[in-house]
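Q: Provided herewith: run22.cif, mmCIF, C-alpha atoms.
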```cif
data_entry
#
loop_
_atom_site.label_atom_id
_atom_site.label_comp_id
_atom_site.auth_asym_id
_atom_site.auth_seq_id
_atom_site.Cartn_x
_atom_site.Cartn_y
_atom_site.Cartn_z
CA THR Y 27 3.65 -15.56 5.72
CA LYS Y 28 0.85 -17.75 4.39
CA ASP Y 29 -1.08 -17.38 7.63
CA TYR Y 30 -4.03 -15.06 6.99
CA ARG Y 31 -4.24 -14.24 10.71
CA GLY Y 32 -0.64 -13.03 10.70
CA LEU Y 33 -1.30 -10.70 7.76
CA SER Y 34 -4.51 -9.43 9.33
CA MET Y 35 -2.72 -8.76 12.63
CA PHE Y 36 0.10 -6.91 10.86
CA TYR Y 37 -2.33 -4.60 9.06
CA GLY Y 38 -4.31 -4.20 12.27
CA ILE Y 39 -1.17 -3.01 14.09
CA LEU Y 40 -0.52 -0.48 11.32
CA GLY Y 41 -4.10 0.75 11.77
CA VAL Y 42 -3.59 1.16 15.53
CA LEU Y 43 -0.35 3.08 14.94
CA GLY Y 44 -2.23 5.34 12.53
CA ILE Y 45 -4.83 6.11 15.22
CA ALA Y 46 -2.12 6.90 17.78
CA LEU Y 47 -0.26 9.15 15.33
CA LEU Y 48 -3.51 10.94 14.44
CA TYR Y 49 -4.03 11.77 18.12
CA VAL Y 50 -0.48 13.10 18.49
CA TRP Y 51 -0.75 15.20 15.33
CA THR Y 52 -4.19 16.73 15.97
CA ARG Y 53 -3.32 17.32 19.63
CA ARG Y 54 -0.23 19.25 18.54
CA TYR Y 55 -1.72 21.40 15.78
CA PHE Y 56 -5.36 21.72 16.87
CA SER Y 57 -6.51 20.74 20.36
CA ARG Y 58 -7.07 17.83 22.71
CA THR Y 59 -10.80 17.89 21.93
CA VAL Y 60 -10.22 17.52 18.19
CA ALA Y 61 -7.61 14.81 18.84
CA VAL Y 62 -9.90 12.73 21.06
CA ILE Y 63 -12.91 13.00 18.72
CA ALA Y 64 -10.96 12.34 15.50
CA SER Y 65 -9.01 9.36 16.87
CA ALA Y 66 -12.12 7.86 18.54
CA LEU Y 67 -14.11 8.10 15.30
CA LEU Y 68 -11.26 6.59 13.28
CA ALA Y 69 -10.82 3.76 15.79
CA THR Y 70 -14.51 2.83 15.63
CA SER Y 71 -15.13 3.54 11.93
CA PRO Y 72 -16.54 0.38 10.28
CA TRP Y 73 -14.82 1.28 7.00
CA HIS Y 74 -11.44 1.73 8.66
CA ASN Y 75 -11.84 -1.48 10.66
CA VAL Y 76 -12.75 -3.50 7.57
CA TYR Y 77 -9.93 -2.18 5.39
CA SER Y 78 -7.31 -2.35 8.15
CA ARG Y 79 -7.99 -6.02 8.87
CA ILE Y 80 -7.83 -7.61 5.44
CA PRO Y 81 -4.69 -8.26 3.34
CA TYR Y 82 -5.52 -5.49 0.90
CA ASN Y 83 -3.17 -3.01 -0.73
CA VAL Y 84 -4.80 0.11 0.76
CA ALA Y 85 -4.60 -1.12 4.38
CA PRO Y 86 -1.39 0.79 5.34
CA ILE Y 87 -2.48 4.07 3.73
CA SER Y 88 -4.18 5.66 6.77
CA LEU Y 89 -0.86 5.46 8.64
CA LEU Y 90 1.26 6.61 5.68
CA VAL Y 91 -0.99 9.53 4.77
CA THR Y 92 -0.99 10.72 8.39
CA ILE Y 93 2.83 10.67 8.38
CA PHE Y 94 2.83 12.56 5.08
CA MET Y 95 0.42 15.27 6.23
CA MET Y 96 2.12 15.63 9.62
CA SER Y 97 5.48 16.06 7.87
CA LEU Y 98 3.96 18.46 5.35
CA MET Y 99 2.46 20.67 8.04
CA SER Y 100 5.71 20.62 10.02
CA CYS Y 101 7.62 21.71 6.92
CA CYS Y 102 5.15 24.47 5.99
CA LEU Y 103 5.04 25.82 9.55
CA LYS Y 104 8.85 26.20 9.55
CA GLU Y 105 9.53 23.54 12.16
CA ASN Y 106 12.07 20.70 11.82
CA LYS Y 107 12.56 20.80 8.07
CA LYS Y 108 15.26 18.13 8.02
CA TRP Y 109 13.07 15.28 9.23
CA SER Y 110 9.79 16.69 7.93
CA PHE Y 111 11.10 16.77 4.34
CA ILE Y 112 12.43 13.22 4.60
CA GLY Y 113 9.11 12.10 6.14
CA MET Y 114 7.17 13.65 3.24
CA VAL Y 115 9.26 11.99 0.54
CA VAL Y 116 9.41 8.54 2.16
CA SER Y 117 5.70 8.37 3.04
CA LEU Y 118 4.64 9.63 -0.42
CA SER Y 119 6.91 7.09 -2.13
CA LEU Y 120 5.38 4.26 -0.09
CA MET Y 121 1.83 5.50 -0.69
CA LEU Y 122 2.33 5.63 -4.46
CA GLN Y 123 3.35 1.99 -4.47
CA VAL Y 124 0.34 1.03 -2.37
CA HIS Y 125 -2.23 2.91 -4.47
CA LEU Y 126 -1.86 5.42 -7.29
CA SER Y 127 -4.59 7.66 -5.88
CA ALA Y 128 -1.73 9.21 -3.86
CA PHE Y 129 -0.78 11.07 -7.06
CA ALA Y 130 -3.31 13.64 -5.83
CA PHE Y 131 -0.85 14.70 -3.11
CA ILE Y 132 2.05 15.47 -5.45
CA PRO Y 133 0.89 19.13 -5.87
CA LEU Y 134 0.96 19.55 -2.07
CA PHE Y 135 4.45 18.10 -1.92
CA LEU Y 136 5.70 20.38 -4.72
CA ILE Y 137 4.18 23.46 -3.08
CA ALA Y 138 5.83 22.59 0.25
CA TRP Y 139 9.17 22.00 -1.48
CA PHE Y 140 9.21 25.12 -3.67
CA THR Y 141 8.11 27.42 -0.85
CA ASN Y 142 10.70 26.06 1.59
CA TRP Y 143 13.53 24.73 -0.59
CA LYS Y 144 16.01 27.38 0.50
CA LYS Y 145 15.65 26.29 4.12
CA VAL Y 146 15.87 22.54 3.49
CA LYS Y 147 19.43 21.29 3.87
CA THR Y 148 21.12 19.58 0.94
CA SER Y 149 21.84 16.56 3.15
CA SER Y 150 18.11 16.15 3.83
CA VAL Y 151 17.30 16.31 0.12
CA THR Y 152 20.03 13.77 -0.67
CA VAL Y 153 18.84 11.32 1.99
CA ALA Y 154 15.21 11.76 0.93
CA VAL Y 155 15.97 11.19 -2.76
CA LEU Y 156 18.08 8.08 -2.06
CA LEU Y 157 15.43 6.60 0.22
CA SER Y 158 12.65 7.34 -2.26
CA LEU Y 159 14.60 5.69 -5.11
CA ILE Y 160 15.16 2.58 -3.01
CA LEU Y 161 11.53 2.43 -1.91
CA PHE Y 162 10.21 3.32 -5.36
CA SER Y 163 12.37 0.84 -7.30
CA PRO Y 164 9.75 -1.98 -7.25
CA PHE Y 165 7.16 0.43 -8.69
CA ILE Y 166 9.55 1.58 -11.43
CA TYR Y 167 10.54 -2.02 -12.24
CA TYR Y 168 6.92 -3.14 -12.50
CA ASN Y 169 5.93 -0.27 -14.80
CA VAL Y 170 8.97 -0.69 -17.06
CA ARG Y 171 8.19 -4.41 -17.42
CA ASN Y 172 4.49 -3.71 -18.07
CA ASP Y 173 4.65 -0.75 -20.48
CA PHE Y 174 3.94 1.77 -17.69
CA VAL Y 175 0.38 0.49 -17.36
CA GLY Y 176 0.01 1.75 -13.77
CA ILE Y 177 1.15 5.28 -14.55
CA LYS Y 178 -0.95 5.48 -17.72
CA GLU Y 179 -4.02 4.45 -15.73
CA ILE Y 180 -3.73 7.39 -13.36
CA LEU Y 181 -2.26 10.12 -15.61
CA PHE Y 182 -4.29 9.66 -18.79
CA LEU Y 183 -8.02 10.05 -18.62
CA PRO Y 184 -9.59 6.67 -19.39
CA GLN Y 185 -12.94 6.48 -21.13
CA GLN Y 186 -15.80 6.47 -18.70
CA SER Y 187 -17.88 3.38 -18.19
CA PRO Y 188 -20.80 3.33 -20.66
CA ALA Y 189 -23.14 2.83 -17.70
CA ASN Y 190 -22.00 6.03 -15.94
CA THR Y 191 -22.33 9.61 -17.13
CA PHE Y 192 -19.95 12.38 -16.08
CA LEU Y 193 -22.60 13.60 -13.63
CA THR Y 194 -22.87 10.15 -12.01
CA ASN Y 195 -19.10 9.81 -11.74
CA SER Y 196 -18.86 13.30 -10.23
CA ILE Y 197 -21.58 12.55 -7.66
CA GLU Y 198 -19.72 9.37 -6.67
CA ALA Y 199 -16.43 11.27 -6.44
CA ILE Y 200 -18.01 13.76 -4.02
CA GLY Y 201 -20.38 11.42 -2.19
CA ILE Y 202 -18.06 8.50 -1.39
CA PRO Y 203 -15.72 10.57 0.84
CA ALA Y 204 -18.75 11.63 2.89
CA LEU Y 205 -20.01 8.02 3.00
CA LEU Y 206 -16.66 6.80 4.38
CA ALA Y 207 -17.08 9.09 7.38
CA THR Y 208 -20.27 7.26 8.40
CA ASN Y 209 -21.09 3.77 9.70
CA HIS Y 210 -23.01 2.89 6.52
CA LEU Y 211 -21.30 0.00 4.72
CA GLY Y 212 -24.24 -0.46 2.37
CA ALA Y 213 -24.70 -3.16 -0.25
CA TYR Y 214 -21.06 -2.70 -1.33
CA PHE Y 215 -19.89 -4.73 1.66
CA LEU Y 216 -23.09 -6.17 3.10
CA GLY Y 217 -24.68 -7.53 -0.07
CA SER Y 218 -27.91 -9.25 1.00
CA LEU Y 219 -26.82 -9.47 4.66
CA ASN Y 220 -29.18 -7.76 7.12
CA LEU Y 221 -27.34 -6.81 10.29
CA PHE Y 222 -30.30 -5.51 12.26
CA PRO Y 223 -34.11 -5.37 12.28
CA LYS Y 224 -35.59 -2.36 10.47
CA SER Y 225 -36.31 -0.54 13.74
CA ILE Y 226 -32.63 -0.67 14.75
CA ASP Y 227 -31.54 0.12 11.18
CA LEU Y 228 -33.43 3.40 11.58
CA TRP Y 229 -31.17 4.32 14.52
CA PHE Y 230 -28.03 3.79 12.45
CA LEU Y 231 -29.58 5.77 9.60
CA VAL Y 232 -30.07 8.66 12.04
CA MET Y 233 -26.42 8.30 13.15
CA THR Y 234 -25.35 8.42 9.50
CA GLY Y 235 -27.33 11.64 9.00
CA ILE Y 236 -25.83 13.20 12.14
CA THR Y 237 -22.32 12.28 10.97
CA LEU Y 238 -22.89 13.98 7.62
CA LEU Y 239 -24.23 17.10 9.35
CA LEU Y 240 -21.20 17.23 11.65
CA LEU Y 241 -18.86 16.75 8.68
CA GLY Y 242 -20.56 19.62 6.84
CA ALA Y 243 -20.30 21.79 9.96
CA GLY Y 244 -16.60 21.01 10.24
CA ILE Y 245 -15.92 21.95 6.63
CA GLY Y 246 -17.93 25.15 7.15
CA TRP Y 247 -15.91 26.11 10.24
CA VAL Y 248 -12.64 25.44 8.40
CA LEU Y 249 -13.70 27.68 5.49
CA TYR Y 250 -14.74 30.37 7.98
CA SER Y 251 -11.40 30.13 9.79
CA LEU Y 252 -9.51 30.46 6.50
CA THR Y 253 -11.34 33.66 5.58
CA LYS Y 254 -11.16 35.14 9.08
CA ASN Y 255 -7.53 34.46 10.01
CA LYS Y 256 -4.80 36.50 8.32
CA GLU Y 257 -1.79 34.77 9.86
CA ARG Y 258 0.12 32.42 7.55
CA GLU Y 259 0.37 29.71 10.19
CA GLU Y 260 -3.38 29.65 10.77
CA LYS Y 261 -4.07 29.46 7.04
CA MET Y 262 -1.65 26.54 6.73
CA ARG Y 263 -3.15 24.79 9.74
CA TYR Y 264 -6.63 24.79 8.23
CA GLY Y 265 -5.69 24.92 4.55
CA ILE Y 266 -3.66 21.68 4.49
CA PRO Y 267 -6.54 19.47 5.74
CA LEU Y 268 -8.88 21.20 3.26
CA MET Y 269 -6.50 20.50 0.35
CA TRP Y 270 -6.14 16.94 1.65
CA LEU Y 271 -9.89 16.54 1.21
CA LEU Y 272 -10.32 18.40 -2.09
CA LEU Y 273 -7.35 17.22 -4.20
CA PRO Y 274 -8.31 13.50 -4.39
CA ILE Y 275 -11.91 14.49 -5.19
CA ALA Y 276 -10.75 16.81 -7.97
CA LEU Y 277 -8.43 14.14 -9.41
CA LEU Y 278 -11.17 11.52 -9.56
CA ILE Y 279 -13.68 13.95 -11.08
CA LEU Y 280 -11.16 14.71 -13.83
CA ARG Y 281 -10.59 10.99 -14.45
CA ASN Y 282 -14.32 10.62 -15.10
CA LYS Y 283 -14.42 6.95 -14.24
CA ASN Y 284 -16.57 4.89 -11.92
CA ILE Y 285 -14.65 4.16 -8.72
CA GLY Y 286 -14.79 2.06 -5.56
CA PRO Y 287 -14.55 3.29 -1.95
CA HIS Y 288 -10.93 2.11 -1.62
CA PHE Y 289 -9.88 4.94 -3.98
CA TYR Y 290 -10.66 7.31 -1.13
CA TYR Y 291 -8.89 5.47 1.67
CA ILE Y 292 -6.16 8.12 1.31
CA LEU Y 293 -8.62 10.54 2.92
CA PHE Y 294 -8.68 8.65 6.21
CA PRO Y 295 -8.66 10.26 8.72
CA VAL Y 296 -9.24 13.82 7.45
CA GLN Y 297 -13.05 13.49 7.55
CA PHE Y 298 -12.86 12.79 11.28
CA MET Y 299 -10.56 15.78 11.78
CA PHE Y 300 -13.22 17.99 10.19
CA ILE Y 301 -15.88 16.48 12.43
CA GLY Y 302 -13.67 17.10 15.48
CA ILE Y 303 -13.03 20.70 14.43
CA GLY Y 304 -16.74 21.24 13.76
CA ILE Y 305 -17.75 19.89 17.16
CA GLU Y 306 -15.12 21.89 19.04
CA LYS Y 307 -15.98 25.14 17.26
CA SER Y 308 -19.72 24.55 17.70
CA MET Y 309 -19.32 23.81 21.43
CA SER Y 310 -17.23 26.97 21.90
CA PHE Y 311 -19.84 29.02 20.05
CA LEU Y 312 -22.71 27.56 22.11
CA LYS Y 313 -20.89 28.28 25.37
CA LYS Y 314 -20.18 31.81 24.18
CA ILE Y 315 -23.88 32.53 23.59
CA GLN Y 316 -24.68 30.84 26.94
CA LYS Y 317 -26.25 27.71 25.48
CA LYS Y 318 -24.26 25.27 27.59
CA SER Y 319 -27.09 22.74 27.63
CA LEU Y 320 -26.84 22.44 23.84
CA ALA Y 321 -23.06 22.04 24.12
CA VAL Y 322 -23.56 19.17 26.59
CA PHE Y 323 -26.15 17.63 24.25
CA LEU Y 324 -23.65 17.82 21.38
CA CYS Y 325 -21.07 16.05 23.55
CA ILE Y 326 -23.58 13.27 24.30
CA VAL Y 327 -24.32 12.91 20.57
CA VAL Y 328 -20.61 12.37 19.86
CA ILE Y 329 -20.38 9.68 22.55
CA LEU Y 330 -23.45 7.93 21.12
CA LEU Y 331 -21.93 8.15 17.65
CA VAL Y 332 -18.69 6.47 18.75
CA ILE Y 333 -20.58 3.72 20.62
CA SER Y 334 -22.89 3.16 17.64
CA ASN Y 335 -19.96 2.83 15.23
CA ALA Y 336 -18.23 0.31 17.49
CA PHE Y 337 -21.42 -1.73 17.94
CA TYR Y 338 -22.11 -1.68 14.19
CA PHE Y 339 -18.69 -3.05 13.30
CA MET Y 340 -18.70 -5.69 16.05
CA THR Y 341 -22.09 -6.93 14.84
CA PHE Y 342 -20.83 -7.00 11.25
CA ALA Y 343 -17.70 -8.95 12.25
CA LYS Y 344 -19.74 -11.46 14.26
CA LYS Y 345 -22.25 -12.10 11.47
CA VAL Y 346 -19.67 -12.60 8.71
CA ASN Y 347 -17.46 -14.79 10.88
CA ASP Y 348 -19.23 -18.06 10.04
CA ALA Y 349 -19.52 -17.43 6.31
CA GLY Y 350 -16.08 -15.82 6.01
CA SER Y 351 -17.42 -12.87 4.00
CA THR Y 352 -20.62 -11.47 2.47
CA ASP Y 353 -22.11 -11.69 -1.00
CA GLY Y 354 -21.44 -8.00 -1.60
CA THR Y 355 -18.80 -6.63 -3.94
CA TYR Y 356 -16.64 -9.77 -3.73
CA GLY Y 357 -19.34 -12.15 -4.97
CA ILE Y 358 -20.60 -15.14 -3.01
CA THR Y 359 -19.44 -15.85 0.53
CA TYR Y 360 -16.20 -17.64 1.36
CA LYS Y 361 -18.19 -20.58 2.71
CA ASN Y 362 -20.14 -20.86 -0.57
CA LYS Y 363 -16.92 -20.73 -2.57
CA GLU Y 364 -15.54 -23.67 -0.60
CA GLU Y 365 -18.77 -25.58 -1.27
CA VAL Y 366 -18.44 -24.87 -5.02
CA ILE Y 367 -14.86 -26.16 -5.08
CA LYS Y 368 -15.86 -29.28 -3.16
CA GLU Y 369 -18.72 -29.93 -5.60
CA VAL Y 370 -16.44 -29.49 -8.63
CA GLN Y 371 -13.85 -31.85 -7.13
CA GLN Y 372 -16.47 -34.52 -6.56
CA ASN Y 373 -17.66 -34.30 -10.17
CA THR Y 374 -14.33 -34.36 -11.97
CA GLN Y 375 -11.69 -37.02 -12.45
CA ASP Y 376 -8.97 -34.55 -13.46
CA ASP Y 377 -6.48 -33.28 -10.88
CA ASN Y 378 -6.36 -29.93 -12.66
CA LEU Y 379 -9.67 -28.10 -12.27
CA ALA Y 380 -11.02 -26.02 -15.14
CA LEU Y 381 -13.20 -23.22 -13.75
CA VAL Y 382 -15.32 -20.95 -15.93
CA PHE Y 383 -16.63 -17.64 -14.55
CA TYR Y 384 -19.45 -15.63 -16.04
CA LYS Y 385 -18.33 -12.07 -16.87
CA LYS Y 386 -16.50 -11.57 -13.56
CA ARG Y 387 -13.00 -12.49 -12.37
CA ASP Y 388 -12.38 -15.42 -10.06
CA SER Y 389 -13.36 -13.31 -6.98
CA GLY Y 390 -11.13 -15.08 -4.48
CA PHE Y 391 -11.37 -18.65 -5.74
CA SER Y 392 -7.68 -18.70 -6.67
CA ILE Y 393 -6.65 -17.92 -3.07
CA ILE Y 394 -8.79 -20.74 -1.67
CA LEU Y 395 -7.46 -23.20 -4.26
CA LYS Y 396 -3.87 -22.17 -3.58
CA ASN Y 397 -4.33 -22.64 0.16
CA LYS Y 398 -5.75 -26.11 -0.49
CA GLY Y 399 -2.88 -27.01 -2.85
CA ILE Y 400 -5.21 -27.38 -5.87
CA THR Y 401 -4.14 -26.29 -9.35
CA ALA Y 402 -6.75 -24.82 -11.67
CA THR Y 403 -7.17 -22.96 -14.96
CA TYR Y 404 -9.55 -20.02 -15.31
CA GLU Y 405 -11.74 -18.72 -18.10
CA ILE Y 406 -14.22 -15.84 -18.25
CA ALA Y 407 -17.31 -16.53 -20.34
#
```
Show the structure stored in the file as structure tokens.
A:
Amino acid sequence: TKDYRGLSMFYGILGVLGIALLYVWTRRYFSRTVAVIASALLATSPWHNVYSRIPYNVAPISLLVTIFMMSLMSCCLKENKKWSFIGMVVSLSLMLQVHLSAFAFIPLFLIAWFTNWKKVKTSSVTVAVLLSLILFSPFIYYNVRNDFVGIKEILFLPQQSPANTFLTNSIEAIGIPALLATNHLGAYFLGSLNLFPKSIDLWFLVMTGITLLLLGAGIGWVLYSLTKNKEREEKMRYGIPLMWLLLPIALLILRNKNIGPHFYYILFPVQFMFIGIGIEKSMSFLKKIQKKSLAVFLCIVVILLVISNAFYFMTFAKKVNDAGSTDGTYGITYKNKEEVIKEVQQNTQDDNLALVFYKKRDSGFSIILKNKGITATYEIA
């Protein structure tokens, strides 16, 4: 479809399905408390809402990665291996076509396969391989036609940007996953747009700090559970989410290249699972030491966090509605781009526009021109 609203609605539906599946999965393997907290935080996350409502390649990943991890855990916990193996292969094949950052999950897939291959039926393997070949054929065709440029980009370590040192790239690789758990969109998306007065901005800064503390607490509780529990099932239950978090970070540190937040969309919604686990474990601990008032306070904090996230995104959506976008990472606003095109049309006699951009790509101009039925040539100065 050429209708932007249709595309946005399609990706939005995939995002909703991802939230529902997250609840089912975390309710099954963890608890209702973790499921409610994780799905509520994912549903109100400004980052998730932005990425799941624009026609962007990473939009379906939160659903696909949830299917992959749910299938992986089912396979490792010796449940329905027939469908869990097929679910792993199909979801991983689709993710790799959407974004090559999913290469980070190949080690998890191989571990699950090699540790359970004797119990996976040949028919399941055959079906999974055939489906993956069908789904993966566009990716293979593209790379064969383009000298395997996509695979080379992810497998071979590119030279780092001259502006970034290895330390800077490593800090970004560790810090961005934490940032995506918060409501802080920053200059990356907002540009020069101010959503709130400074006094209200302080509130959201506090909420960002609380989110990071809860995320750290969740990771701490998971590490504690891994060292305390001896049962294989318990180690798998906590170890898989931890590997989900660590493998993409390790891959991007090794690549030593400056990255954007969308590289870490494959982590959604594991950060919120950690927060849910951290809150549940903390509340249980506080009740155990007879600090129920603190447990109630922690519950109130979570409710405020969810409400704050929802309010933040709704304000963002309302403010960018008129302009169509911000002047953040994608350049000037959509409204300004339309004004530029109108000005160029008024000052040229040629039907074919010649547009020159300074150092950067066309940043969305080509889409606007195509929708208006205008042909143009592009040049980067």
Q: Using all atoms listed in the file, what does the table of range 247-358 of chain Y residues within 9 Å of range 84-97 of chain Y look like, with each row giving the shortest atom pair and its distance in Å to one decimal, sorted by chain and ascending number, as a Markdown table?
A:
```
| residue | atom | partner | partner_atom | distance |
| --- | --- | --- | --- | --- |
| Y:Ile266 | CA | Y:Met95 | CA | 7.8 |
| Y:Pro267 | CA | Y:Met95 | CA | 8.1 |
| Y:Trp270 | CA | Y:Met95 | CA | 8.2 |
| Y:His288 | CA | Y:Val84 | CA | 6.9 |
| Y:Phe289 | CA | Y:Val84 | CA | 8.5 |
| Y:Tyr291 | CA | Y:Val84 | CA | 6.8 |
| Y:Ile292 | CA | Y:Ile87 | CA | 6.0 |
| Y:Leu293 | CA | Y:Ser88 | CA | 7.6 |
| Y:Phe294 | CA | Y:Ser88 | CA | 5.4 |
| Y:Pro295 | CA | Y:Ser88 | CA | 6.7 |
| Y:Val296 | CA | Y:Thr92 | CA | 8.9 |
```
Q: Could you state the separation of CA of Ala138 in chain Y and CA of Leu67 in chain Y in Å, given to one decimal place?
A: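 According to the coordinates, CA of Ala138 in chain Y and CA of Leu67 in chain Y are separated by 28.9 Å.
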Q: Report as a PyMOL selection string all protein, DNA and RNA residues lying within 12 Å of Ile279 in chain Y, evaluated on all atoms listed in the file, omitting residues in the same chain fewer than 3 positions from it.
A: chain Y and resi 130+183-184+186+191-202+272-276+282-285
Q: Using all atoms listed in the file, collect all residues at a distance of at most 9 Å from (7.6, 22.6, 0.6) as written in the file, then present them as a list in words.
A: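 The answer, in the requested form, is Leu98, Cys101, Cys102, Phe111, Leu134, Phe135, Leu136, Ile137, Ala138, Trp139, Phe140, Thr141, Asn142, Trp143 and Val146 of chain Y.
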Q: List as a VMD selection string the protein and nucleic acid residues near Tyr338 in chain Y, meaning an atom at most 8 Å away when all atoms listed in the file are counted, but skip any in the same chain fewer than 3 places from it.
A: chain Y and resid 72 209 334 to 335 341 to 342
Q: In the coordinates of the file, take the point (-20.5, 0.5, 5.2) and a cut-off of 10 Å; then, counting all atoms listed in the file, name each qualifying protein, DNA or RNA residue as number ranges by chain.
A: Y: 71-74, 76, 205-216, 287, 338-339, 342
Q: Kindly indicate which residue among Y:Ser34, Y:Asn169, Y:Ser392, Y:Ser319 lies nearest to Pro81 in chain Y, using only C-alpha atoms for the distances.
A: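 For Pro81 in chain Y, the nearest of the given residues is Y:Ser34.
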Q: Step by step, work through what the PyMOL selection byres ((chain Y and resi 63) around 10) selects in the shown file, and finish by giving those residues as a ChimeraX atom specification.
A: /Y:49,52,58-62,64-69,298-303,305-306,325,328-329,332
Q: The PyMOL selection byres ((chain Y and resi 161) around 12) on the file shown: which residues, as a list in words?
A: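 Output of the PyMOL selection byres ((chain Y and resi 161) around 12): Val115, Val116, Ser117, Leu118, Ser119, Leu120, Met121, Leu122, Gln123, Val124, Ala154, Val155, Leu156, Leu157, Ser158, Leu159, Ile160, Phe162, Ser163, Pro164, Phe165, Ile166 and Tyr167 of chain Y.
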